[in-house]
Each structure stands twice: as structure tokens, then as C-alpha cells.
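I have placed the structure first, in the form of C-alpha cells, so that the comments after it can refer back to it.
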Amino acid sequence: MAEKKTDDQATPQGTETLTAAEKPKKKRKGRKSGKVNKMEGVRRALAELGSDAKPKDIQEYVKKNFKIDMSTDHISTYKGDIQRKAREAAGQGHVKAGPGRKRKVAATPAAVLSAVGNANGAGVWSSEDIVAVRALLKRLGGADQVHALIDLCK
């Protein structure tokens, strides 16, 4: 370790040797310096408000406590990232929300028409009724025209 020079041992200007204690300290950025970035602000807000906090509530907390402006979309993205990383750290890995939406099975025309009922009020459509509707669709050019015709009949 370098020893501190006395006035008797003066060195030329600019070549002085400083001890570690005498060196100016560098300013640090991030968590250790007390300055909070956006991600850390959202982390702290979630710790304070809970994981079910709404982005609007987090936005107000971050603005009030850290003077950081963030959009709710940005907060929502950070919140999702934080929660995903927490799940992965807990050993759960990638957790899928569910099996997804099921596709609708196309109903047969007879099933649709029998569910609706027929004009006679009998509740059952005959094959002739189905053929007539199909011919009408074909002649008019599509369902939009048939709907327009039905609306006229109301």
C-alpha cells in the first residue's frame, strides 16, 4: 500500500500518489445508490401493494414514491416479466394458463333449423323446408341478403 507523502517528500505536480481512502468515490447507478429505475419501481410497488395490484394503482405508487412516469401498458409488461421470473425461480418453469379455447363444432343445417323452429310453430323443420332455404340462399347470393329479406318480413 502506498504511504502518504509528506511536504518534505513533495513530488512534481500531477504525479502524486493517493491512498484508497483519499481517492474520490465514483457515483453508482441503480439499486445500490438509492436511485430506482422503472423495473425496480414496479418491483417495489408489487411488494407493497401485492401481486394482484392493478397497473393504474402501481402507476400512482411509482409516480408518488419515485417520481417516475410510466404508462399502464409499460407497467403491465414489467409486472408480467416480474411474475414470470418469480415462477421460474420457484421451479415452476413456464406455466401455461390453460388448454386454450375449444373450437366450435359446425352444426348441421338441420340441427340449427330444428333448434330455431319453423314458421308453423311446430318446432321441427322438414327436409323440404331446408331445401327451400338452401335454394333461397343460393338464389339471393348469401346470408346477408337473406337476413335483409327476413328483416323486411318482420
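Convention: chains lettered A, B, ... in C-alpha cells order; per-chain residue numbering from 1; ligands numbered from 1 as shown.
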>> So that I can check the surroundings of stretch 62-70 of chain A, please list as a ChimeraX atom specification every protein, DNA and RNA residue that reaches within 8 Å of it, counting only C-alpha atoms and ignoring chain neighbours fewer than 3 positions away.
In response: /A:36,38,41-42,45,58-59,74-75
